[in-house]
Amino acid sequence: MSETFADLVACEDVLMFVNAAITSTGQREFHHGSGEQRLSLEFLHEYMLENYRDMYAAVLALDVNDHNAAIMIRNLLVRAGDVGVERRREEGRLIARRLERMPPQRVYRLFRDLRRLGVNNRRTRAVIRDWMAGRRDPAFDSVKYRTAVKDAVRHAHLRLHGEQPSFLFAPSGVKAFQTPLYEQWRRAHYEQAAIYELPYTVAEGFAAKHKIPREVFLERIQHRMTRLERLRMQESAREAKVEAVRADLGEMPLTRLASYVLALPLDDRARRRAELTLALRTAARRVAGAARGSWGRVTAVLDDSYSTLGSGEKRRRPLAVALAAHYLLEALAKEYTPLWTSGRTDELLVYPSGPTPLGHRIIDALETGPERLLIVSDGWDNAPPGLAADVLRVWRTRLDPGHRRAPGQRVMIVHLNPVYDADGFDVRRLAPGVPTAGVRDAEDLPTLVEFARFAEGRVGLPKLRAHLSDRTARFLGEPA
Amino acid sequence: MTTTLEGLETRPAQAWGSIRLVPLVRDEPVPRLRLHRRAFEEPVTVVDVGDAAYVSFIPHAFVATWSDDDQAQAASYGARLLERDTRAAPPRMPVRFTRRMARKVGKDRLRFLPLHLAVEGYLALHFGGPEIAWEEWSRRAVAHGLSPRCEESYLGRQVRGLEDALRIFEIHPGQCGVLVYVADTLASAFVVPHSDDYRALHPTLVEDLFGELIYMYGLLGAPARDLSAPIDPAGVRTLGDLRAAAETREAEWAAFHDEVMAGRLFDEAGSRQAVQSLHGFELTRFLPSFALGRENHIGEIITGGDGEVAYLKTFRLSEAQVRRGYLLRRLAEHDWRLDATAAALGADPAGLALRLERAGFGYLLRQDVLDHFRAQRRATSGPRRGRPPGSAPRSG
């Protein structure tokens, strides 16, 4: 195989970028401030765009987070003229597909960014036009994201239909709208009853204007709340004695649910143990799907040290990912052993505290004789520092029984890291011989474990390109 | 003086930038000694002390409102041991809210003003000044001793990286102390009897004071490297071997740390002074030997009956402070007689007097005596080379 040095470098660069794009949201982390995060991330984006533009665009097809997807789309559109028509068309399709999957508020923010940067090339206008045309309920968007829609319309010179232009640009001149939602919005300015037909976030503004008591408002608006708004409001509604706002925990995404559980006081968690455990297990089973029970003997080393506290902006995120991964692995494995770094065994009552004796836990984990060993940790191994790397190195070089017998039987070790390390431009790795992949939502765990084999450095650039184009094809092909 | 960190186990260090924090862990908290209740009165922590007979301590420079007389905030002057619910407050001095003094954090927030007074007053505490009024000493030195003086020191948050290092430090279960290293130089040691006390006081380390040396080392920012040797894979055949190797590595680190890195914390040639003892606990202040060019730590220590360290707080002196301490120690050894001291140092009295002046003790000597020595020195050392300061270069 003729693998050049440049290929190796390219491979590493792309993987580094993918890890960053999955984990970093430009927000403060436990170790690094948001300024460092942004600076570091911006550099990576520039670097990728300049050197590996084709693969940069293809990364949109992976499970990168929305923050990075937005930056990538912006960068591709800012520099749309740099590439030929064919590539531009391909990028356009990737962008359109990605925008469909992003939450609308993020898309509108991206459009405003483009407006601020003065990016108004034909590709950009087409992207905005197509996305707006694809919205299912333009009236809803106009009400909920009013100013943002206005900006997008102005920027892309869109032609509007029906009452939308008068609603957006001259609502005061209209006596009565035909569209029900517009009419509700008009009436909500002076009539309290009308606000309960508006989207929750819009209604909240009118409720403040009309000085409606919080509990009355919550009681009557709850049917307009989205799933996640319900989950978010659940605890404060409980305090306001509004029982109507109840999220059906069984249908929440796994990592969100884990975050919600970790935000509850320990006493509440103990009291609602059955309910919460059931909800987490249900969510995990839904993610595992057909792969349930297919992973054999799995041991997980899960970090619940003090650093999993995250930051004020990403509260307990690393711990939530570990907790969600715990339930997901439980569903995926046939035999499953969880090992928390603190030594606690009750996963529902975990909280961030203490040091990170990863090395000792990995020895414990290897002793259980697993087929797969997953480590979910931010990579700051400090009790003692570097022991995890040592243990993994010695294991790979001296002890790994499968390693010497047959390649198929070796213990598969993967390190998943939920935290972007701004100094290293990557997620922190534990040992060179063990693949590390960034993780943001535990839901992506199966694909990330698949992806992690690239990070091990055994699979070269051609295979990585093949993987990317395969993912791109699937991404573009699957229905919305 | 022989004291060791008895009863405390050294755990692996955590490094951030040039700061290295070495946690000290106890199996069991020291029985019957806790931080005084007043330390916890206002902040969040509530300590259940039980009803057993117990002793509490008030750490040095702890700022509180002592309710028995006035409502003004005051700092305790030197650590004290107290019986439970003692009415009388320890010796204290009012907090002056000036720029240099450490400030109050919030309206009802209490906090330490750690070692500030120790730095300000360490000379006064240990050297009262000349007892016999030899003619050379100024009236002020005889009447007031060395106090008051100001010592330069830096707040912990001015030491670069320390605040971040403390924030991200992961406290061990049962941790009762920490040793702070800056650029692998021991800056301070801090030990309390109970892990809850430690948890409450851990963030206050940024309010601590550090000497100039530590501040400079922080500025230089040489990163602290991993000091432990990697495991040698040659002898490892089973997972059991690997586990044993890992444990050996940890034990080696602890031994290395205690013997080498913290080896100069307690100076055997230094002096110590027992201040107070109560129900088996003894409060001691210690001074180093002021050996020039070496580490010198001053501090306070409370030991239990079996020699276990219950409370410890140290301050690393800067080079200039060591020099001053050295001079004072030599003067004290010779009953503050200039000529005897000078002879012991192998110098003449004029040299010693000028050295005292350079060290910042000029005010201790009578002005006319100092002037006399200056003139004498000028006469013996001959004409100075170069232009006298202030004279204009001759145009030629």
# chains A, B, ... in the order shown; residues from 1 in each chain; ligands from 1
$ closest_atom_pairs --of "chain B" --to "chain A" --cutoff "8 Å" --atoms "only C-alpha atoms" --output "tab-separated table"
residue	atom	partner	partner_atom	distance
B:Arg11	CA	A:Ala383	CA	7.5
B:Pro12	CA	A:Pro384	CA	4.8
B:Ala13	CA	A:Pro384	CA	7.1
B:Gln14	CA	A:Asn382	CA	6.1
B:Ile168	CA	A:His31	CA	6.6
B:Glu170	CA	A:Pro355	CA	4.8
B:Ile171	CA	A:Gly354	CA	5.2
B:His172	CA	A:Gly354	CA	5.0
B:Pro173	CA	A:Gly354	CA	6.1
B:Asp226	CA	A:Pro385	CA	7.6
B:Pro230	CA	A:Asp390	CA	6.6
B:Ile231	CA	A:Asp390	CA	6.4
B:Pro233	CA	A:Val394	CA	5.7
B:Val236	CA	A:Arg398	CA	7.2
B:Arg237	CA	A:Leu399	CA	6.5
B:Thr238	CA	A:Leu399	CA	6.6
B:Leu239	CA	A:Glu367	CA	7.1
B:Leu242	CA	A:Val391	CA	7.3
B:Arg243	CA	A:Ile363	CA	6.8
B:Ala246	CA	A:Leu387	CA	7.3
B:Glu250	CA	A:Pro384	CA	7.1
$ closest_residue --among "A:Gly312, A:Pro213, A:Pro446, A:Gly379" --to "Ser294 in chain A" --atoms "only C-alpha atoms"
A:Pro446
$ residues_around --residues "Arg159 in chain A" --least-positions-apart "2" --cutoff "12 Å" --atoms "only C-alpha atoms" --output "list in words"
Arg125, Ile128, Arg129, Met132, Ala133, Lys150, Ala152, Val153, Arg154, His155, Ala156, His157, His161, Gly162, Glu163, Gln164 and Pro165 of chain A
$ atom_distance --atom1 "CA of Ala263 in chain A" --atom2 "CA of Arg38 in chain A"
26.7 Å
$ closest_atom_pairs --of "range 294-394 of chain B" --to "range 201-215 of chain B" --cutoff "9 Å" --atoms "only C-alpha atoms" --output "JSON lines"
{"residue": "B:Phe315", "atom": "CA", "partner": "B:Phe210", "partner_atom": "CA", "distance": 6.9}
{"residue": "B:Arg316", "atom": "CA", "partner": "B:Gly211", "partner_atom": "CA", "distance": 6.4}
{"residue": "B:Leu317", "atom": "CA", "partner": "B:Gly211", "partner_atom": "CA", "distance": 6.0}
{"residue": "B:Ser318", "atom": "CA", "partner": "B:Leu213", "partner_atom": "CA", "distance": 5.4}
{"residue": "B:Glu319", "atom": "CA", "partner": "B:Leu213", "partner_atom": "CA", "distance": 7.4}
